[in-house]
>>> print(open('run13.txt').read())   # compact mmCIF, N, CA and C atoms
# COMPACT_ATOMS: atom_id res chain seq x y z
N MET A 1 125.50 -0.78 -100.31
CA MET A 1 124.93 -1.75 -101.24
C MET A 1 125.71 -3.06 -101.11
N SER A 2 124.99 -4.17 -100.97
CA SER A 2 125.65 -5.46 -100.85
C SER A 2 125.86 -6.09 -102.22
N THR A 3 126.82 -6.99 -102.28
CA THR A 3 127.12 -7.69 -103.51
C THR A 3 126.79 -9.16 -103.29
N VAL A 4 126.06 -9.75 -104.20
CA VAL A 4 125.64 -11.14 -104.09
C VAL A 4 126.51 -12.00 -105.02
N ARG A 5 127.05 -13.08 -104.47
CA ARG A 5 127.83 -14.02 -105.29
C ARG A 5 126.87 -15.00 -105.93
N VAL A 6 126.98 -15.17 -107.25
CA VAL A 6 126.09 -16.04 -108.00
C VAL A 6 126.92 -17.15 -108.67
N PRO A 7 126.77 -18.39 -108.19
CA PRO A 7 127.53 -19.48 -108.81
C PRO A 7 126.96 -19.83 -110.19
N VAL A 8 127.85 -20.08 -111.13
CA VAL A 8 127.44 -20.48 -112.49
C VAL A 8 128.20 -21.75 -112.86
N ARG A 9 127.60 -22.52 -113.75
CA ARG A 9 128.25 -23.75 -114.22
C ARG A 9 129.17 -23.41 -115.38
N GLY A 10 130.27 -24.10 -115.44
CA GLY A 10 131.20 -23.91 -116.56
C GLY A 10 132.15 -22.76 -116.34
N GLU A 11 132.98 -22.51 -117.34
CA GLU A 11 134.01 -21.48 -117.28
C GLU A 11 133.45 -20.08 -117.41
N TRP A 12 132.34 -19.93 -118.14
CA TRP A 12 131.79 -18.61 -118.40
C TRP A 12 130.28 -18.71 -118.64
N ILE A 13 129.63 -17.53 -118.62
CA ILE A 13 128.21 -17.43 -118.94
C ILE A 13 128.02 -16.13 -119.71
N GLU A 14 127.13 -16.16 -120.68
CA GLU A 14 126.86 -14.94 -121.45
C GLU A 14 126.09 -13.96 -120.58
N LEU A 15 126.35 -12.68 -120.79
CA LEU A 15 125.72 -11.63 -120.00
C LEU A 15 124.20 -11.72 -120.03
N GLY A 16 123.61 -11.91 -121.19
CA GLY A 16 122.15 -12.00 -121.29
C GLY A 16 121.59 -13.14 -120.45
N LYS A 17 122.25 -14.28 -120.48
CA LYS A 17 121.81 -15.43 -119.68
C LYS A 17 121.98 -15.16 -118.19
N PHE A 18 123.05 -14.47 -117.84
CA PHE A 18 123.29 -14.12 -116.44
C PHE A 18 122.18 -13.20 -115.93
N LEU A 19 121.80 -12.23 -116.74
CA LEU A 19 120.74 -11.30 -116.34
C LEU A 19 119.42 -12.04 -116.11
N LYS A 20 119.17 -13.07 -116.90
CA LYS A 20 117.97 -13.88 -116.68
C LYS A 20 118.13 -14.72 -115.42
N LEU A 21 119.32 -15.26 -115.19
CA LEU A 21 119.59 -16.08 -114.01
C LEU A 21 119.32 -15.32 -112.71
N VAL A 22 119.75 -14.06 -112.66
CA VAL A 22 119.56 -13.26 -111.44
C VAL A 22 118.22 -12.52 -111.43
N ARG A 23 117.40 -12.82 -112.44
CA ARG A 23 116.03 -12.30 -112.55
C ARG A 23 115.92 -10.79 -112.69
N VAL A 24 116.90 -10.21 -113.38
CA VAL A 24 116.81 -8.79 -113.72
C VAL A 24 115.83 -8.65 -114.88
N VAL A 25 115.85 -9.64 -115.78
CA VAL A 25 114.94 -9.68 -116.92
C VAL A 25 114.35 -11.07 -117.02
N GLN A 26 113.27 -11.19 -117.78
CA GLN A 26 112.64 -12.51 -117.96
C GLN A 26 112.95 -13.14 -119.31
N THR A 27 113.34 -12.32 -120.29
CA THR A 27 113.57 -12.85 -121.63
C THR A 27 114.89 -12.34 -122.21
N GLY A 28 115.35 -13.05 -123.24
CA GLY A 28 116.56 -12.61 -123.93
C GLY A 28 116.37 -11.27 -124.61
N GLY A 29 115.16 -11.02 -125.13
CA GLY A 29 114.88 -9.73 -125.77
C GLY A 29 114.96 -8.59 -124.79
N ALA A 30 114.45 -8.81 -123.59
CA ALA A 30 114.51 -7.77 -122.54
C ALA A 30 115.96 -7.53 -122.14
N ALA A 31 116.75 -8.61 -122.08
CA ALA A 31 118.18 -8.47 -121.75
C ALA A 31 118.89 -7.65 -122.82
N LYS A 32 118.57 -7.94 -124.08
CA LYS A 32 119.18 -7.21 -125.20
C LYS A 32 118.90 -5.72 -125.10
N ARG A 33 117.64 -5.37 -124.86
CA ARG A 33 117.26 -3.96 -124.75
C ARG A 33 117.97 -3.27 -123.59
N LEU A 34 118.03 -3.93 -122.44
CA LEU A 34 118.66 -3.36 -121.26
C LEU A 34 120.15 -3.12 -121.50
N VAL A 35 120.81 -4.11 -122.08
CA VAL A 35 122.24 -4.03 -122.34
C VAL A 35 122.53 -2.96 -123.39
N GLN A 36 121.80 -2.96 -124.50
CA GLN A 36 122.04 -1.99 -125.56
C GLN A 36 121.72 -0.57 -125.13
N ALA A 37 120.89 -0.41 -124.11
CA ALA A 37 120.57 0.93 -123.60
C ALA A 37 121.65 1.45 -122.66
N GLY A 38 122.70 0.65 -122.43
CA GLY A 38 123.80 1.10 -121.58
C GLY A 38 123.48 1.04 -120.09
N GLN A 39 122.53 0.19 -119.72
CA GLN A 39 122.10 0.10 -118.33
C GLN A 39 122.87 -0.93 -117.51
N VAL A 40 123.81 -1.64 -118.14
CA VAL A 40 124.54 -2.71 -117.46
C VAL A 40 126.03 -2.40 -117.44
N ARG A 41 126.62 -2.57 -116.26
CA ARG A 41 128.07 -2.40 -116.13
C ARG A 41 128.69 -3.74 -115.75
N VAL A 42 129.85 -4.02 -116.34
CA VAL A 42 130.62 -5.20 -115.99
C VAL A 42 132.00 -4.70 -115.59
N ASN A 43 132.38 -5.01 -114.37
CA ASN A 43 133.66 -4.56 -113.82
C ASN A 43 133.83 -3.04 -113.95
N GLY A 44 132.73 -2.32 -113.71
CA GLY A 44 132.77 -0.86 -113.69
C GLY A 44 132.62 -0.18 -115.03
N ARG A 45 132.55 -0.94 -116.11
CA ARG A 45 132.42 -0.36 -117.45
C ARG A 45 131.09 -0.73 -118.08
N VAL A 46 130.50 0.20 -118.81
CA VAL A 46 129.25 -0.10 -119.51
C VAL A 46 129.52 -1.19 -120.54
N GLU A 47 128.68 -2.21 -120.52
CA GLU A 47 128.80 -3.32 -121.47
C GLU A 47 127.57 -3.33 -122.37
N THR A 48 127.79 -3.26 -123.68
CA THR A 48 126.68 -3.20 -124.62
C THR A 48 126.53 -4.47 -125.45
N ARG A 49 127.25 -5.51 -125.08
CA ARG A 49 127.16 -6.78 -125.82
C ARG A 49 126.44 -7.81 -124.95
N ARG A 50 125.26 -8.20 -125.35
CA ARG A 50 124.49 -9.19 -124.59
C ARG A 50 125.23 -10.52 -124.50
N GLY A 51 126.03 -10.83 -125.51
CA GLY A 51 126.77 -12.09 -125.55
C GLY A 51 128.13 -12.04 -124.90
N ALA A 52 128.45 -10.93 -124.22
CA ALA A 52 129.76 -10.82 -123.55
C ALA A 52 129.91 -11.97 -122.56
N LYS A 53 131.09 -12.58 -122.54
CA LYS A 53 131.33 -13.72 -121.66
C LYS A 53 131.78 -13.24 -120.28
N LEU A 54 131.04 -13.68 -119.26
CA LEU A 54 131.40 -13.37 -117.89
C LEU A 54 132.12 -14.56 -117.30
N ARG A 55 133.18 -14.26 -116.55
CA ARG A 55 133.96 -15.31 -115.90
C ARG A 55 133.99 -15.06 -114.40
N ALA A 56 134.45 -16.07 -113.67
CA ALA A 56 134.51 -15.97 -112.21
C ALA A 56 135.22 -14.68 -111.79
N GLY A 57 134.60 -13.97 -110.85
CA GLY A 57 135.18 -12.73 -110.33
C GLY A 57 134.64 -11.48 -111.00
N ASP A 58 133.99 -11.61 -112.16
CA ASP A 58 133.41 -10.43 -112.82
C ASP A 58 132.27 -9.89 -111.97
N VAL A 59 132.16 -8.56 -111.94
CA VAL A 59 131.11 -7.89 -111.16
C VAL A 59 130.13 -7.25 -112.14
N VAL A 60 128.86 -7.60 -111.99
CA VAL A 60 127.80 -7.07 -112.85
C VAL A 60 126.94 -6.13 -112.02
N GLU A 61 126.67 -4.93 -112.57
CA GLU A 61 125.86 -3.93 -111.87
C GLU A 61 124.69 -3.50 -112.76
N VAL A 62 123.50 -3.47 -112.16
CA VAL A 62 122.30 -3.01 -112.84
C VAL A 62 121.44 -2.27 -111.83
N GLU A 63 121.12 -1.02 -112.12
CA GLU A 63 120.20 -0.24 -111.29
C GLU A 63 120.54 -0.30 -109.79
N GLY A 64 121.80 -0.13 -109.46
CA GLY A 64 122.22 -0.10 -108.07
C GLY A 64 122.40 -1.45 -107.40
N ARG A 65 122.15 -2.53 -108.14
CA ARG A 65 122.37 -3.87 -107.60
C ARG A 65 123.64 -4.47 -108.18
N LYS A 66 124.33 -5.28 -107.37
CA LYS A 66 125.60 -5.88 -107.81
C LYS A 66 125.62 -7.37 -107.57
N TRP A 67 126.22 -8.08 -108.53
CA TRP A 67 126.43 -9.52 -108.42
C TRP A 67 127.87 -9.83 -108.81
N VAL A 68 128.45 -10.84 -108.16
CA VAL A 68 129.77 -11.32 -108.53
C VAL A 68 129.60 -12.72 -109.09
N VAL A 69 130.18 -12.95 -110.26
CA VAL A 69 130.10 -14.25 -110.88
C VAL A 69 131.01 -15.21 -110.11
N GLY A 70 130.45 -16.32 -109.68
CA GLY A 70 131.22 -17.34 -108.96
C GLY A 70 131.24 -18.63 -109.78
N VAL A 71 131.99 -19.60 -109.32
CA VAL A 71 132.04 -20.90 -109.98
C VAL A 71 131.32 -21.89 -109.09
N GLU A 72 130.33 -22.58 -109.65
CA GLU A 72 129.56 -23.55 -108.89
C GLU A 72 130.47 -24.62 -108.33
N GLY A 73 130.32 -24.92 -107.05
CA GLY A 73 131.11 -25.97 -106.42
C GLY A 73 132.50 -25.55 -105.99
N ALA A 74 132.81 -24.25 -106.13
CA ALA A 74 134.15 -23.76 -105.76
C ALA A 74 134.07 -22.89 -104.52
N GLY A 75 133.21 -23.24 -103.57
CA GLY A 75 133.10 -22.47 -102.35
C GLY A 75 132.40 -21.15 -102.53
N SER A 76 131.54 -21.06 -103.52
CA SER A 76 130.84 -19.81 -103.83
C SER A 76 129.92 -19.41 -102.76
>>> encode(input="run13.txt", output="structure tokens")
Amino acid sequence: MSTVRVPVRGEWIELGKFLKLVRVVQTGGAAKRLVQAGQVRVNGRVETRRGAKLRAGDVVEVEGRKWVVGVEGAGS
């Protein structure tokens, strides 16, 4: 399984917004349901907070897909 680096603006991004950015979900409500159902892992641990702050280097996993949070403009 490959890991995709996803550049984000700023120091952090909320998990729900990140899931929309990578097109796992289309809405905040869908993100909330997915996260609360325990379907999302951050750095290997189940994350149940849609508002959890992701920072550069964090790894997000959903249904066998992986993304690494990068910083826009930092060689991502």
>>> select_by_dssp(input="run13.txt", residues="chain A", states="helix (DSSP H, G or I)", output="list of chain:residue names")
A:Leu15, A:Gly16, A:Lys17, A:Phe18, A:Leu19, A:Lys20, A:Leu21, A:Gly28, A:Gly29, A:Ala30, A:Ala31, A:Lys32, A:Arg33, A:Leu34, A:Val35, A:Gln36
>>> atom_distance(input="run13.txt", atom1="CA of Arg5 in chain A", atom2="CA of Gly29 in chain A")
24.6 Å
>>> residues_around(input="run13.txt", residues="Arg9 in chain A", least_positions_apart="6", cutoff="7 Å", atoms="all atoms listed in the file", output="MDAnalysis selection string")
chainID A and resid 70:72
>>> residues_around(input="run13.txt", residues="range 36-51 of chain A", least_positions_apart="5", cutoff="7 Å", atoms="all atoms listed in the file", output="PDB file with N, CA and C atoms, keeping the file's coordinate frame")
ATOM      1  N   ILE A  13     129.630 -17.530-118.620  1.00  0.00           N
ATOM      2  CA  ILE A  13     128.210 -17.430-118.940  1.00  0.00           C
ATOM      3  C   ILE A  13     128.020 -16.130-119.710  1.00  0.00           C
ATOM      4  N   GLU A  14     127.130 -16.160-120.680  1.00  0.00           N
ATOM      5  CA  GLU A  14     126.860 -14.940-121.450  1.00  0.00           C
ATOM      6  C   GLU A  14     126.090 -13.960-120.580  1.00  0.00           C
ATOM      7  N   LEU A  15     126.350 -12.680-120.790  1.00  0.00           N
ATOM      8  CA  LEU A  15     125.720 -11.630-120.000  1.00  0.00           C
ATOM      9  C   LEU A  15     124.200 -11.720-120.030  1.00  0.00           C
ATOM     10  N   GLY A  16     123.610 -11.910-121.190  1.00  0.00           N
ATOM     11  CA  GLY A  16     122.150 -12.000-121.290  1.00  0.00           C
ATOM     12  C   GLY A  16     121.590 -13.140-120.450  1.00  0.00           C
ATOM     13  N   LYS A  17     122.250 -14.280-120.480  1.00  0.00           N
ATOM     14  CA  LYS A  17     121.810 -15.430-119.680  1.00  0.00           C
ATOM     15  C   LYS A  17     121.980 -15.160-118.190  1.00  0.00           C
ATOM     16  N   ALA A  31     116.750  -8.610-122.080  1.00  0.00           N
ATOM     17  CA  ALA A  31     118.180  -8.470-121.750  1.00  0.00           C
ATOM     18  C   ALA A  31     118.890  -7.650-122.820  1.00  0.00           C
ATOM     19  N   ASP A  58     133.990 -11.610-112.160  1.00  0.00           N
ATOM     20  CA  ASP A  58     133.410 -10.430-112.820  1.00  0.00           C
ATOM     21  C   ASP A  58     132.270  -9.890-111.970  1.00  0.00           C
ATOM     22  N   VAL A  59     132.160  -8.560-111.940  1.00  0.00           N
ATOM     23  CA  VAL A  59     131.110  -7.890-111.160  1.00  0.00           C
ATOM     24  C   VAL A  59     130.130  -7.250-112.140  1.00  0.00           C
ATOM     25  N   VAL A  60     128.860  -7.600-111.990  1.00  0.00           N
ATOM     26  CA  VAL A  60     127.800  -7.070-112.850  1.00  0.00           C
ATOM     27  C   VAL A  60     126.940  -6.130-112.020  1.00  0.00           C
ATOM     28  N   GLU A  61     126.670  -4.930-112.570  1.00  0.00           N
ATOM     29  CA  GLU A  61     125.860  -3.930-111.870  1.00  0.00           C
ATOM     30  C   GLU A  61     124.690  -3.500-112.760  1.00  0.00           C
ATOM     31  N   VAL A  62     123.500  -3.470-112.160  1.00  0.00           N
ATOM     32  CA  VAL A  62     122.300  -3.010-112.840  1.00  0.00           C
ATOM     33  C   VAL A  62     121.440  -2.270-111.830  1.00  0.00           C
ATOM     34  N   GLU A  63     121.120  -1.020-112.120  1.00  0.00           N
ATOM     35  CA  GLU A  63     120.200  -0.240-111.290  1.00  0.00           C
ATOM     36  C   GLU A  63     120.540  -0.300-109.790  1.00  0.00           C
TER      37      GLU A  63
END
>>> atom_distance(input="run13.txt", atom1="CA of Val8 in chain A", atom2="CA of Val69 in chain A")
7.0 Å
>>> select_by_dssp(input="run13.txt", residues="range 5-74 of chain A", states="strand (DSSP E or B)", output="PyMOL selection string")
chain A and resi 5-8+12-14+40-42+45-46+53-55+59-62+65-71
>>> residues_around(input="run13.txt", residues="Thr3 in chain A", least_positions_apart="5", cutoff="9 Å", atoms="only C-alpha atoms", output="list of chain:residue names")
A:Val59, A:Arg65, A:Lys66, A:Trp67, A:Val68
